[in-house]
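What follows is a short report on a single structure.
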Amino acid sequence: MVTAQNQKLLTGNAAAAWGARLAAIDYVPAFPITPQTEIIETLARWFDAGEMQGKFVTLDSEHSMVMAAGAAAAAGVRVFTATSSQGLVYAMEALYTISGWRVPLVLVNVSRALASPITLGPDHNDVLAARDAGFVQLHCESCQEVLDTVLMAYRIAEDERVSAPVLVNFDGFFLSFTREPVEIPDAEAVRAFLPRFEAKYPTFRASQPLAQGAAVLDGATYTYFRYQLHHALRNALEVHQQAADEFEAHFGRRYGPVETYRLEDADTVLVMAGAFASKGKAAVNRWREQGRNVGLLRLRMVRPLPDRELVAALVGRRAVGVIDQNLSPGLGGILFHEIAGVLAAEENRPAVLRSFVGGLGGKDISSAEFDHVLATLDGAKTGSADPELLFTDAEWRQMQQRLAVAGKSLEAATP
């Protein structure tokens with residue numbers, strides 16, 4: 001039975017805060033960083049007004065914040081925190097530490113490009129730098145999805161088959177400060193989907209002194225524990241499926257590990273992640289009006305990588321173009337290589353698998369650039385891992401003008 005919901009215009013940041021509020025979190029360790037700060041400001045205001053019960057603490061850095069989050073989760077309370085960009089990579093050591101503790105919590109990352117040079121625009125190099133840290137990783141496209149995914153993330157993290165932290169990611173500025181209509185579920189309905197947290201692992205209590213130590217382990221024992229974490233994250237595929245089924249039953253919205261858009265008869269497919277997938281869908285709609293059989297696959301779950309869903313959606317297509325909003329220098333697009341690896345052993349894999357890199361630092365991907373991607377896929381006969389940078393003629397002219405001011409030519413500045 002789908003329950004009644006209250007609709008409001010919310011930014012992505014406010015939607016994340018509402019997700020935490022509805023989850024009835026107990027503890028928020030926080031540190032501000034643009035463009036995430038609105039999340040913790042909103043939560044701080046609610047705590048101060050008595051609208052939320054629990055503890056809100058500002059720490060001295062993102063590293064301390066994540067360690068405090070892990071320690072609180074080890075004490076058996078429901079924990080929420082958030083960061084962005086340089087904050088996430090500053091906390092990288094702590095991410096690996098607390099995932100090894102196998103404690104459930106939710107960390108929201110509001111993606112922003114990493115320095116240097118400096119920009120405030122979003123891309124996904126920050127969150128993808130953390131893809132091997134032992135967190136389940138979920139990527140959102142809309143403000144509604146942000147709120148809903150925070151709730152689903154607790155169901156996944158706290159399931160005994162997983163018992164690991166979950167990172168929920170969405171794009172800075174394009175989503176963090178964009179207002180969209182969001183259905184806010186009734187708190188009692190959320191309790192039916194997400195009951196109050198009761199830790200099913202030994203927890204620290206002041207009334208019951210307990211000491212634990214992180215010993216230096218031999219390689220065999222270390223390997224065993226790391227492999228157990230791998231299995232826990234693979235379990236998250238099944239747990240996510242069950243959480244998605246129940247979430248749909250309660251609230252009428254469904255989220256799979258991948259979203260397929262107009263793929264039924266598509267011979268050409270774009271693969272994207274995050275808010276820019278909305279631009280990809282608009283391009284697909286335009287091409288469909290022109291009679292072209294094009295679809296889009298949006299990757300929601302990056303860790304664990306939903307390999308079976310990717311194979312089911314992409315095998316048998318003529319051409320697949322992966323548009324990565326990231327760049328691994330010396331490699332290319334990160335998601336392209338992961339998807340290529342999944343498809344490599346399939347007999348009927350796409351004949352054309354091409355890599356495109358666009359949207360770095362929040363740079364727009366224009367209709368003309370999407371048309372270029374499709375024209376490239378249409379004209380290609382074979383695949384190529386060499387990434388093509390999406391850059392318009394106007395942007396090249398702009399760079400020429402800026403370099404001219406600096407007394408350099410575009411050719412001299414380009415390898």
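Here, A, B, ... name the chains of the structure tokens in the order displayed, residue numbers run from 1 inside each chain, and ligands are numbered from 1 in the same displayed order.
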With 12 Å as the cut-off and only C-alpha atoms counted, what is the closest atom pair between each nearby residue of region 254-352 of chain A and region 114-129 of chain A? Distances in Å to one decimal, ordered by chain and number, as a Markdown table.
```
| residue | atom | partner | partner_atom | distance |
| --- | --- | --- | --- | --- |
| A:Met272 | CA | A:His124 | CA | 11.3 |
| A:Ala273 | CA | A:His124 | CA | 9.1 |
| A:Gly274 | CA | A:His124 | CA | 8.7 |
| A:Ala275 | CA | A:Pro122 | CA | 10.0 |
| A:Phe276 | CA | A:Asp123 | CA | 9.8 |
| A:Met301 | CA | A:Leu128 | CA | 11.8 |
| A:Val302 | CA | A:Leu128 | CA | 8.6 |
| A:Arg303 | CA | A:Leu128 | CA | 9.8 |
| A:Ile323 | CA | A:His124 | CA | 11.7 |
| A:Asp324 | CA | A:His124 | CA | 8.4 |
| A:Gln325 | CA | A:Asp123 | CA | 5.4 |
| A:Asn326 | CA | A:Asn125 | CA | 5.2 |
| A:Leu327 | CA | A:Asn125 | CA | 6.9 |
| A:Ser328 | CA | A:Asn125 | CA | 7.8 |
| A:Pro329 | CA | A:Asn125 | CA | 10.7 |
| A:Gly332 | CA | A:Asn125 | CA | 11.5 |
| A:Gly333 | CA | A:Asn125 | CA | 9.9 |
| A:Ile334 | CA | A:Leu128 | CA | 8.0 |
| A:Leu335 | CA | A:Leu128 | CA | 9.0 |
| A:Glu338 | CA | A:Leu128 | CA | 11.6 |
```
Show me, as a tab-separated table (two decimals) with C-alpha atoms, in the first residue's frame, the residues that have an atom within 8 Å of Asp267 (chain A) when counting only C-alpha atoms, minus same-chain residues fewer than 3 positions from it.
```
chain	number	residue	atom	x	y	z
A	293	ASN	CA	16.79	3.73	-31.93
A	294	VAL	CA	18.88	5.09	-29.06
A	295	GLY	CA	18.56	4.45	-25.32
A	317	ARG	CA	23.54	-3.88	-28.73
A	318	ARG	CA	25.45	-2.67	-31.76
A	319	ALA	CA	27.14	0.31	-30.11
```
Find, counting only C-alpha atoms, the residue in A:Phe177, A:Phe193, A:Trp46, A:Phe170 that gets nearest to Arg155 (chain A).
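Result for the nearest residue to Arg155 (chain A): A:Phe193.
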Tell me which protein, DNA and RNA residues are within 9 Å of Gly321 (chain A), counting only C-alpha atoms, leaving out same-chain ones fewer than 2 positions away, and put them as a count of residues only.
16
Selection: 9 Å around Lys279 (chain A), only C-alpha atoms, excl. self and same-chain fewer than 3 positions, as a count of residues only
9
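Note that CA of Thr376 (chain A) and CA of Glu388 (chain A) are 10.0 Å apart.
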Region 26-242 of chain A: which residues are helix (DSSP H, G or I) by DSSP, as a ChimeraX atom specification?
/A:37-49,62-74,86-90,92-100,125-128,143-158,187-193,219-242
For each of A:Val320, A:Val77, A:Val150, A:Leu59, take the minimum atom-to-atom distance to Ala15 (chain A), counting only C-alpha atoms, then give the residue where this is smallest.
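Counting only C-alpha atoms, the residue closest to Ala15 (chain A) is A:Val150.
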A:Met65, A:Val162, A:Leu297, A:Ala232: which is nearest Pro32 (chain A), counting only C-alpha atoms?
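Looking at the shortest contact to Pro32 (chain A), the residue is A:Met65.
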Residues near region 218-230 of chain A, anyone? I mean within 10 Å using only C-alpha atoms, not counting same-chain ones fewer than 6 positions away, as a PyMOL selection string.
chain A and resi 99-102+132+134-135+162-164+304
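Minimum distance to Arg131 (chain A) across A:Ala380, A:Leu233, A:Ile39, A:Ala74 (counting only C-alpha atoms) occurs at A:Leu233.
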Those in region 65-241 of chain A with strand (DSSP E) from DSSP, as a list in words
Phe80, Thr81, Ala82, Thr83, Val106, Leu107, Val108, Asn109, Val110, Ser111, Val136, Gln137, Leu138, His139, Val166, Leu167, Val168, Asn169, Phe170, Asp171, Glu180, Pro181, Val182, Glu183, Ile184 and Pro185 of chain A
What would the file look like if the residues just selected were written as an mmCIF file, in the first residue's frame with C-alpha atoms?
```
data_model
loop_
_atom_site.group_PDB
_atom_site.id
_atom_site.type_symbol
_atom_site.label_atom_id
_atom_site.label_comp_id
_atom_site.auth_asym_id
_atom_site.auth_seq_id
_atom_site.Cartn_x
_atom_site.Cartn_y
_atom_site.Cartn_z
ATOM 1 C CA PHE A 80 24.788 10.235 9.344
ATOM 2 C CA THR A 81 27.445 12.551 7.968
ATOM 3 C CA ALA A 82 28.276 14.387 4.749
ATOM 4 C CA THR A 83 31.200 15.884 2.858
ATOM 5 C CA VAL A 106 25.539 6.600 5.763
ATOM 6 C CA LEU A 107 27.912 9.182 4.305
ATOM 7 C CA VAL A 108 26.617 11.624 1.685
ATOM 8 C CA ASN A 109 29.132 13.047 -0.772
ATOM 9 C CA VAL A 110 28.180 16.083 -2.838
ATOM 10 C CA SER A 111 30.509 15.749 -5.807
ATOM 11 C CA VAL A 136 28.606 0.531 -0.911
ATOM 12 C CA GLN A 137 28.308 3.416 -3.379
ATOM 13 C CA LEU A 138 25.025 4.769 -4.809
ATOM 14 C CA HIS A 139 24.690 7.672 -7.292
ATOM 15 C CA VAL A 166 27.118 3.266 2.413
ATOM 16 C CA LEU A 167 28.111 6.359 0.431
ATOM 17 C CA VAL A 168 25.291 8.262 -1.317
ATOM 18 C CA ASN A 169 26.555 10.603 -4.035
ATOM 19 C CA PHE A 170 24.976 13.478 -5.945
ATOM 20 C CA ASP A 171 26.289 16.347 -8.067
ATOM 21 C CA GLU A 180 12.763 20.235 -7.430
ATOM 22 C CA PRO A 181 9.386 18.928 -6.238
ATOM 23 C CA VAL A 182 10.090 16.211 -3.669
ATOM 24 C CA GLU A 183 7.590 13.872 -2.033
ATOM 25 C CA ILE A 184 8.395 13.704 1.688
ATOM 26 C CA PRO A 185 7.125 10.408 3.150
#
```
Skip Glu93 (chain A) itself and residues of its chain fewer than 2 positions away, then list as a PyMOL selection string all residues within 10 Å of it, counting only C-alpha atoms.
chain A and resi 63+66-67+88-91+95-98+133
Could you tell me how far CA of Ala244 (chain A) sits from CA of Met152 (chain A), in Å to one decimal place?
7.5 Å
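For Pro257 (chain A), the residues within 7 Å (counting only C-alpha atoms, excluding itself and residues fewer than 5 positions away along the chain) are Leu299, Arg300, Met301 and Pro306 of chain A.
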